[in-house]
Amino acid sequence: MSNPPSRRTFLKLGGAVGAGAALSGIPPFTANADVTRPTGLELVPDGQATTLWYPAPAVEGKIIEQGLPIGNGRIGALVGGDPAADFLYLADASLWTGGANDVLEDDGQFPYEREKFGTLGLLAKVRISVPAHTGVTGYRRTLDLSNGVVVITYRHDGVRYRREYFVSHPDDVVVVRLSGGPVTGSVSLEPTRGEPMSGPAAFTGTFANGLKYACTAAGGVTFTGSREVVIVLSGGTNYVPDAARKFLDASLDPLALAKQKASKALRAGGGALLGTHVADYRRLYDRMTVDLGQSPPAKRALDTWSRLVARHDDPATPDPELEASYLQFGRYLTITGSRDGLPMGLQGLWQNTNTPDWMSDYHTDINVQMNYWLADRAALPGSFTALADYCLAQLPVWTDSTKRLFNDPRNRFRNTGGKIGGWAIAFSTNIYGGSGWWWHPAGNAWLCNSLWDHYAFTQDKAYLARIYPLLKGAAEFWEARLLPMTVDGREVLVDDHDWSPEHGPQDTLGNTYSQEIVWDLFEHYRDAVAVLGRDRAYGDRIAGLQRKLYLPKVSPTTGWLEEWMSPDNLGETTHRHLSPLIGFFPGDRIAADTASPELLDGVRALLVARGMDSYGWACAWRSACWARLKDAEKAYQLLLTVLRPSVANGNGTAPNFFDMYSQGSYTIFQIDANLGAPAAMAEMLVYSRPGVLELLPALPSAWARSGRVTGIGARGGFEVDLSWRDGKVTRAVVRSVGGTRTEVRAGGWRRVLSLRPGQSVTVQPS
């Protein structure tokens, strides 16, 4: 297709659309919903927007470290930004191989490989060729966090060109918009699994598990002398979050739906698509602002990668604006990676291969939980519900698998008392109810505790009623699993033969990790019974079990909080996991203001022993724990460790801000640190649990001069706007989103607030 220079060109590269997340109240997708187009909306200007920027395109061989992410919670892409030979790598959250994976291996554990368990992968690659645009000048590639758009600008033959890339949630399409001057080139779609093209530049595929997927393009599409080119892409599968249909909608035609969706978006035009997207994105992003202080002008002038390197090489010179942008990048990933579809796994929506490490799955012993520490703290509660929807959709299969398989005599983690109840999972899960690797008995309780935490932030009783079956099923599992034991002349209940992830013996009784998680589970279940007014007799029974739970001690040998029911360290001293501290963070049984000094000393001693260097997610967890101990400088030091530049295949932050996990000879992207480290930053600014809200509990000196945050979430059902100067709170606004009473603390200042939902109170501690 060719057009005279005065004409715009609209190109359609369509794919299937996902079936939607019925469990969140959104019906399975059947066609494009009507989209209300905003009028008069302007983008946040370049000089005011929070951005990451680069003076060169991404190198395709390093796209996972350099490509800029866009997404809408269902479909995502990594953008290269080369003016002459551009590329996008598309992925869909439901493009999973594998299945239920419910035949155990000889050791009673689940297969954990790509054929049976399955893997996430790429949908397609898109290439945009503009052969004449080599040797450009003034190149700049930007991820605009304030507007949710990737932008590249450059000059060629004296003309300034601009490209915009975004994924619209309302329109459910990927959009690339080229503008600025006459441009001639072509667009092509590239399958990633050798799928043959079927029809005019279209390909479809079906996995062995029956999952259908499709992408279409007018192959060899060309544009000649066009001043504006709008490219619309979409992609997806026939996955549905419904166990009764085995998670597939056999009647859904991915290709036909793709054409409907892309055609409707094209009719709106590039400007309208951008306006609709920005309005939707900013409705979420603008809920929170972050100002940690001003950075030196010399740092502000640097591109993002150079700035990361400079911060690492000059640790004495703070760069608070860089750190604020890291927190906002975590919020950006949450908005673009988790909306009303599937939750984020190890890499979220962003892939560079069909064979990702650990299959890009849902790891249930820290990773998927850490992915959602940030949402409520960062004014994005709607992004959390994807995790709850996922767990509810999987529950029927998890329950059936537990009943049939968990007490298999080959399973070393089985309930030796022979009882079974409720549901359990393994260390890894997929989107078909399938588990992989080993059984993870405490995984159900940790997921439930994370789901409960969302209620603690929102006080949403309707949500609590939805997740109640998960809480009760997990409680039933642990009622069947706990074993009686006499300790110091007292009968206590302990976890059956188990593991403290991911080190030490695999057959110990009563490890601290499980005991703390189950204590929290029982506490939350009892609270749910009281709030919802149901199953009171069973709630009383669980309360009785909770009173008998063995709780950990401080070892007289090491001085640490014990990880096992032993004074000795049975594992690795500096191990990446902080499993025995789960009752301190993210749990609350051990709290800095209520626990005994001896117990807090044991927590601190174990943290010291674990060290100040590890993988990104491990440093994020350590940082949050030090924040809970009110040691601001250690919490901040660990944040800087996360932010160190990843070089020579080392742990750290890549140029595109993705956290890189070292595998020795190579690195892989894991999204958990990108969400866990900002959550730790939030913990430095506000600590909360129901009944207590503490301002600036661990403010590092690098941020102390002055700062302001708005919209930060607090458990108990509150939001906080907070300003400070010289390390002290100058003003705070506490808003109720469902909470009614809390004590606000700032240093030695205390005040009890009583509010109605929707009401706010301004305080000025002195």
# chains A, B, ... in the order shown; residues from 1 in each chain; ligands from 1

call {"tool": "residues_around", "arguments": {"residues": "range 479-485 of chain A", "least_positions_apart": "2", "cutoff": "9 Å", "atoms": "only C-alpha atoms", "output": "list in words"}}
result
Arg414, Asn415, Thr416, Gly417, Gly418, Lys419, Ile420, Gly421, Gly422, Ala474, Ala475, Glu476, Phe477, Val487, Arg490, Glu491, Val492, Leu493, Val494, Asp495, Asp496, Leu509, Gly510, Ile542, Leu545, Lys548, Leu549 and Tyr550 of chain A

call {"tool": "write_last_selection", "arguments": {"atoms": "C-alpha atoms", "output": "mmCIF file, in the first residue's frame"}}
result
data_model
loop_
_atom_site.group_PDB
_atom_site.id
_atom_site.type_symbol
_atom_site.label_atom_id
_atom_site.label_comp_id
_atom_site.auth_asym_id
_atom_site.auth_seq_id
_atom_site.Cartn_x
_atom_site.Cartn_y
_atom_site.Cartn_z
ATOM 1 C CA ARG A 414 2.967 -36.345 52.843
ATOM 2 C CA ASN A 415 0.845 -36.163 55.973
ATOM 3 C CA THR A 416 2.237 -39.092 57.945
ATOM 4 C CA GLY A 417 -0.909 -39.211 60.065
ATOM 5 C CA GLY A 418 -2.832 -40.219 56.937
ATOM 6 C CA LYS A 419 -5.358 -37.384 57.060
ATOM 7 C CA ILE A 420 -6.034 -35.037 54.158
ATOM 8 C CA GLY A 421 -8.150 -31.965 53.648
ATOM 9 C CA GLY A 422 -8.329 -28.708 51.754
ATOM 10 C CA ALA A 474 -5.857 -23.943 53.495
ATOM 11 C CA ALA A 475 -6.921 -24.088 57.150
ATOM 12 C CA GLU A 476 -8.485 -27.515 56.549
ATOM 13 C CA PHE A 477 -5.242 -28.725 54.987
ATOM 14 C CA VAL A 487 8.268 -29.801 73.980
ATOM 15 C CA ARG A 490 3.924 -29.020 76.839
ATOM 16 C CA GLU A 491 2.004 -30.540 73.962
ATOM 17 C CA VAL A 492 2.424 -28.449 70.848
ATOM 18 C CA LEU A 493 1.502 -28.808 67.178
ATOM 19 C CA VAL A 494 4.201 -28.872 64.527
ATOM 20 C CA ASP A 495 4.481 -29.105 60.767
ATOM 21 C CA ASP A 496 5.042 -32.627 59.434
ATOM 22 C CA LEU A 509 9.543 -31.247 61.911
ATOM 23 C CA GLY A 510 8.289 -27.831 62.907
ATOM 24 C CA ILE A 542 -8.827 -23.207 64.381
ATOM 25 C CA LEU A 545 -5.096 -25.233 67.027
ATOM 26 C CA LYS A 548 -1.044 -25.011 70.419
ATOM 27 C CA LEU A 549 1.313 -24.097 67.578
ATOM 28 C CA TYR A 550 4.989 -24.348 68.427
#

call {"tool": "select_by_dssp", "arguments": {"residues": "range 14-234 of chain A", "states": "strand (DSSP E or B)", "output": "VMD selection string"}}
result
chain A and resid 15 51 to 54 68 to 71 75 to 79 85 to 96 110 120 to 129 137 to 144 149 to 156 159 to 168 173 to 191 202 to 206 212 to 216 221 to 233

call {"tool": "residues_around", "arguments": {"residues": "Leu606 in chain A", "least_positions_apart": "2", "cutoff": "12 Å", "atoms": "only C-alpha atoms", "output": "NGL selection string"}}
result
:A and (554-555 or 558-563 or 569 or 572-575 or 577-581 or 584 or 599-604 or 608-612 or 622 or 625-626)

call {"tool": "write_last_selection", "arguments": {"atoms": "N, CA and C atoms", "output": "short mmCIF file (atom, residue, chain, number, x, y, z; two decimals), in the first residue's frame"}}
result
data_model
loop_
_atom_site.label_atom_id
_atom_site.label_comp_id
_atom_site.auth_asym_id
_atom_site.auth_seq_id
_atom_site.Cartn_x
_atom_site.Cartn_y
_atom_site.Cartn_z
N VAL A 554 15.04 -18.29 70.11
CA VAL A 554 16.36 -17.81 69.74
C VAL A 554 17.37 -18.88 70.14
N SER A 555 18.24 -19.24 69.23
CA SER A 555 19.21 -20.30 69.48
C SER A 555 20.28 -19.84 70.48
N THR A 558 23.75 -19.97 68.22
CA THR A 558 24.06 -18.97 67.21
C THR A 558 23.62 -17.56 67.59
N GLY A 559 22.65 -17.46 68.48
CA GLY A 559 22.05 -16.16 68.78
C GLY A 559 21.02 -15.72 67.76
N TRP A 560 20.75 -16.57 66.78
CA TRP A 560 19.78 -16.25 65.73
C TRP A 560 18.40 -16.77 66.11
N LEU A 561 17.39 -16.21 65.51
CA LEU A 561 16.09 -16.85 65.53
C LEU A 561 16.24 -18.20 64.83
N GLU A 562 15.85 -19.27 65.51
CA GLU A 562 16.06 -20.61 64.94
C GLU A 562 15.29 -20.79 63.63
N GLU A 563 15.93 -21.48 62.67
CA GLU A 563 15.26 -21.80 61.42
C GLU A 563 14.60 -23.17 61.48
N ASN A 569 22.61 -24.40 63.16
CA ASN A 569 22.30 -23.99 61.79
C ASN A 569 22.45 -25.20 60.89
N GLU A 572 22.67 -23.10 54.94
CA GLU A 572 23.69 -22.15 54.51
C GLU A 572 23.52 -20.83 55.26
N THR A 573 24.58 -20.37 55.87
CA THR A 573 24.50 -19.16 56.69
C THR A 573 24.03 -17.95 55.89
N THR A 574 24.56 -17.78 54.70
CA THR A 574 24.23 -16.60 53.89
C THR A 574 23.20 -16.92 52.80
N HIS A 575 22.36 -17.90 53.04
CA HIS A 575 21.41 -18.32 52.02
C HIS A 575 20.49 -17.17 51.60
N HIS A 577 17.30 -17.07 50.84
CA HIS A 577 15.97 -17.00 51.44
C HIS A 577 16.04 -16.56 52.89
N LEU A 578 15.03 -15.80 53.30
CA LEU A 578 14.87 -15.39 54.70
C LEU A 578 13.69 -16.12 55.32
N SER A 579 13.56 -17.40 55.00
CA SER A 579 12.37 -18.16 55.39
C SER A 579 12.03 -18.05 56.87
N PRO A 580 12.99 -18.13 57.80
CA PRO A 580 12.59 -18.07 59.22
C PRO A 580 12.11 -16.71 59.67
N LEU A 581 12.31 -15.66 58.86
CA LEU A 581 11.88 -14.32 59.24
C LEU A 581 10.54 -13.94 58.64
N PHE A 584 8.24 -11.93 60.64
CA PHE A 584 8.63 -10.53 60.87
C PHE A 584 8.31 -9.67 59.67
N LEU A 599 13.79 -11.70 71.30
CA LEU A 599 13.34 -12.17 70.00
C LEU A 599 13.80 -11.23 68.89
N LEU A 600 13.73 -9.93 69.12
CA LEU A 600 14.19 -8.96 68.12
C LEU A 600 15.70 -9.06 67.91
N ASP A 601 16.43 -9.32 68.97
CA ASP A 601 17.87 -9.52 68.82
C ASP A 601 18.16 -10.76 67.96
N GLY A 602 17.33 -11.79 68.11
CA GLY A 602 17.50 -12.99 67.29
C GLY A 602 17.20 -12.73 65.83
N VAL A 603 16.18 -11.91 65.56
CA VAL A 603 15.88 -11.51 64.18
C VAL A 603 17.05 -10.73 63.60
N ARG A 604 17.55 -9.76 64.37
CA ARG A 604 18.65 -8.91 63.89
C ARG A 604 19.90 -9.76 63.65
N VAL A 608 21.95 -10.18 60.12
CA VAL A 608 23.38 -9.89 59.99
C VAL A 608 24.10 -11.08 59.40
N ALA A 609 23.77 -12.28 59.87
CA ALA A 609 24.42 -13.48 59.36
C ALA A 609 24.13 -13.72 57.89
N ARG A 610 22.91 -13.44 57.45
CA ARG A 610 22.56 -13.64 56.05
C ARG A 610 23.37 -12.71 55.14
N GLY A 611 23.75 -11.54 55.63
CA GLY A 611 24.62 -10.67 54.85
C GLY A 611 23.87 -9.59 54.09
N MET A 612 24.64 -8.75 53.41
CA MET A 612 24.12 -7.57 52.72
C MET A 612 24.27 -7.67 51.21
N ARG A 622 15.57 -8.48 52.42
CA ARG A 622 16.42 -8.01 53.51
C ARG A 622 16.16 -6.54 53.81
N CYS A 625 13.07 -6.03 55.81
CA CYS A 625 13.27 -6.45 57.20
C CYS A 625 14.04 -5.40 57.99
N TRP A 626 15.10 -4.84 57.40
CA TRP A 626 15.85 -3.79 58.10
C TRP A 626 14.98 -2.55 58.30
#

call {"tool": "select_by_dssp", "arguments": {"residues": "range 60-258 of chain A", "states": "helix (DSSP H, G or I)", "output": "MDAnalysis selection string"}}
result
chainID A and resid 60:66 243:245 254:258

call {"tool": "closest_atom_pairs", "arguments": {"of": "range 313-352 of chain A", "to": "range 296-308 of chain A", "cutoff": "9 Å", "atoms": "only C-alpha atoms", "output": "Markdown table"}}
result
| residue | atom | partner | partner_atom | distance |
| --- | --- | --- | --- | --- |
| A:Asp313 | CA | A:Leu308 | CA | 8.7 |
| A:Thr317 | CA | A:Pro296 | CA | 8.4 |
| A:Pro318 | CA | A:Pro296 | CA | 8.2 |
| A:Asp319 | CA | A:Lys299 | CA | 7.1 |
| A:Glu321 | CA | A:Arg300 | CA | 8.2 |
| A:Leu322 | CA | A:Arg307 | CA | 7.8 |

call {"tool": "residues_around", "arguments": {"residues": "Asp171 in chain A", "least_positions_apart": "6", "cutoff": "9 Å", "atoms": "only C-alpha atoms", "output": "list in words"}}
result
Asn32, Ala33, Asp34, Val35, Lys261, Ala262, Lys264, Ala265, Leu273, Thr276 and His277 of chain A

call {"tool": "write_last_selection", "arguments": {"atoms": "all heavy atoms", "output": "compact mmCIF listing (two decimals), in the first residue's frame"}}
result
# COMPACT_ATOMS: atom_id res chain seq x y z
N ASN A 32 -14.94 -6.21 20.78
CA ASN A 32 -14.50 -4.96 21.39
C ASN A 32 -15.66 -4.28 22.10
O ASN A 32 -16.72 -4.07 21.54
CB ASN A 32 -13.97 -4.00 20.32
CG ASN A 32 -12.63 -4.40 19.82
OD1 ASN A 32 -12.45 -5.53 19.42
ND2 ASN A 32 -11.69 -3.48 19.85
N ALA A 33 -15.40 -3.93 23.35
CA ALA A 33 -16.38 -3.13 24.07
C ALA A 33 -16.30 -1.69 23.57
O ALA A 33 -15.29 -1.25 23.05
CB ALA A 33 -16.11 -3.19 25.57
N ASP A 34 -17.40 -0.97 23.73
CA ASP A 34 -17.37 0.44 23.37
C ASP A 34 -16.37 1.16 24.26
O ASP A 34 -16.30 0.92 25.46
CB ASP A 34 -18.75 1.07 23.53
CG ASP A 34 -19.72 0.57 22.45
OD1 ASP A 34 -19.24 0.17 21.38
OD2 ASP A 34 -20.93 0.58 22.70
N VAL A 35 -15.58 2.03 23.68
CA VAL A 35 -14.56 2.77 24.40
C VAL A 35 -14.91 4.24 24.36
O VAL A 35 -15.14 4.81 23.30
CB VAL A 35 -13.17 2.53 23.79
CG1 VAL A 35 -12.13 3.38 24.50
CG2 VAL A 35 -12.80 1.05 23.87
N LYS A 261 -11.16 -6.74 16.65
CA LYS A 261 -10.50 -5.85 17.60
C LYS A 261 -9.61 -4.85 16.88
O LYS A 261 -9.65 -3.64 17.14
CB LYS A 261 -9.69 -6.65 18.61
CG LYS A 261 -9.09 -5.80 19.70
CD LYS A 261 -8.62 -6.63 20.85
CE LYS A 261 -9.77 -7.19 21.64
NZ LYS A 261 -10.41 -6.19 22.53
N ALA A 262 -8.79 -5.32 15.97
CA ALA A 262 -7.86 -4.42 15.29
C ALA A 262 -8.61 -3.43 14.40
O ALA A 262 -8.26 -2.25 14.34
CB ALA A 262 -6.87 -5.25 14.45
N LYS A 264 -11.64 -2.22 14.75
CA LYS A 264 -12.31 -1.19 15.53
C LYS A 264 -11.32 -0.17 16.05
O LYS A 264 -11.58 1.04 16.05
CB LYS A 264 -13.07 -1.82 16.70
CG LYS A 264 -13.90 -0.81 17.47
CD LYS A 264 -14.89 -1.48 18.39
CE LYS A 264 -15.79 -0.45 19.04
NZ LYS A 264 -16.84 -1.06 19.88
N ALA A 265 -10.15 -0.62 16.49
CA ALA A 265 -9.14 0.31 16.97
C ALA A 265 -8.64 1.21 15.85
O ALA A 265 -8.45 2.42 16.04
CB ALA A 265 -7.97 -0.46 17.59
N LEU A 273 -6.51 6.83 19.92
CA LEU A 273 -5.99 5.66 20.64
C LEU A 273 -5.03 6.10 21.73
O LEU A 273 -5.07 5.59 22.86
CB LEU A 273 -5.29 4.71 19.67
CG LEU A 273 -6.18 3.96 18.68
CD1 LEU A 273 -5.33 3.23 17.65
CD2 LEU A 273 -7.08 2.97 19.41
N THR A 276 -7.00 7.83 24.64
CA THR A 276 -7.72 6.86 25.46
C THR A 276 -6.76 6.11 26.36
O THR A 276 -7.03 5.89 27.55
CB THR A 276 -8.48 5.87 24.56
OG1 THR A 276 -9.37 6.59 23.71
CG2 THR A 276 -9.25 4.86 25.38
N HIS A 277 -5.62 5.69 25.79
CA HIS A 277 -4.64 4.96 26.58
C HIS A 277 -4.09 5.81 27.72
O HIS A 277 -4.02 5.36 28.88
CB HIS A 277 -3.49 4.50 25.68
CG HIS A 277 -2.25 4.14 26.45
ND1 HIS A 277 -2.18 3.03 27.26
CD2 HIS A 277 -1.04 4.76 26.56
CE1 HIS A 277 -0.99 2.97 27.83
NE2 HIS A 277 -0.29 4.01 27.43

call {"tool": "closest_residue", "arguments": {"among": "A:Val174, A:Leu395, A:Ala279, A:Ala648", "to": "Gly73 in chain A", "atoms": "only C-alpha atoms"}}
result
A:Val174

call {"tool": "residues_around", "arguments": {"residues": "range 333-342 of chain A", "least_positions_apart": "5", "cutoff": "6 Å", "atoms": "only C-alpha atoms", "output": "number ranges by chain"}}
result
A: 21, 71-74, 349, 383, 386

call {"tool": "atom_distance", "arguments": {"atom1": "CA of Leu327 in chain A", "atom2": "CA of Glu694 in chain A"}}
result
20.0 Å

call {"tool": "residues_around", "arguments": {"residues": "Arg725 in chain A", "least_positions_apart": "2", "cutoff": "8 Å", "atoms": "only C-alpha atoms", "output": "PyMOL selection string"}}
result
chain A and resi 704-707+723+727-730

call {"tool": "residues_around", "arguments": {"residues": "Val290 in chain A", "least_positions_apart": "6", "cutoff": "10 Å", "atoms": "only C-alpha atoms", "output": "tab-separated table (two decimals) with C-alpha atoms, in the first residue's frame"}}
result
chain	number	residue	atom	x	y	z
A	321	GLU	CA	15.39	11.37	41.83
A	323	GLU	CA	15.60	6.20	43.28
A	324	ALA	CA	12.16	7.82	43.05
A	325	SER	CA	12.04	6.86	39.37
A	327	LEU	CA	9.87	3.19	42.65
A	328	GLN	CA	7.71	4.66	39.89
A	378	ALA	CA	1.69	2.05	45.86
A	707	GLY	CA	10.45	15.07	50.41
A	708	ARG	CA	6.83	14.28	49.79
A	709	VAL	CA	4.77	11.25	48.82
A	710	THR	CA	1.05	11.06	48.19
A	711	GLY	CA	-1.29	8.10	48.02
A	712	ILE	CA	0.86	5.58	49.87
A	722	LEU	CA	3.28	12.73	53.74

call {"tool": "atom_distance", "arguments": {"atom1": "CA of Pro505 in chain A", "atom2": "CA of Trp564 in chain A"}}
result
9.4 Å

call {"tool": "closest_residue", "arguments": {"among": "A:Val167, A:Leu88, A:Ala537, A:Met681", "to": "Leu292 in chain A", "atoms": "only C-alpha atoms"}}
result
A:Met681

call {"tool": "closest_residue", "arguments": {"among": "A:Thr458, A:Thr142, A:Gln637, A:Thr97", "to": "Asp376 in chain A", "atoms": "only C-alpha atoms"}}
result
A:Thr458
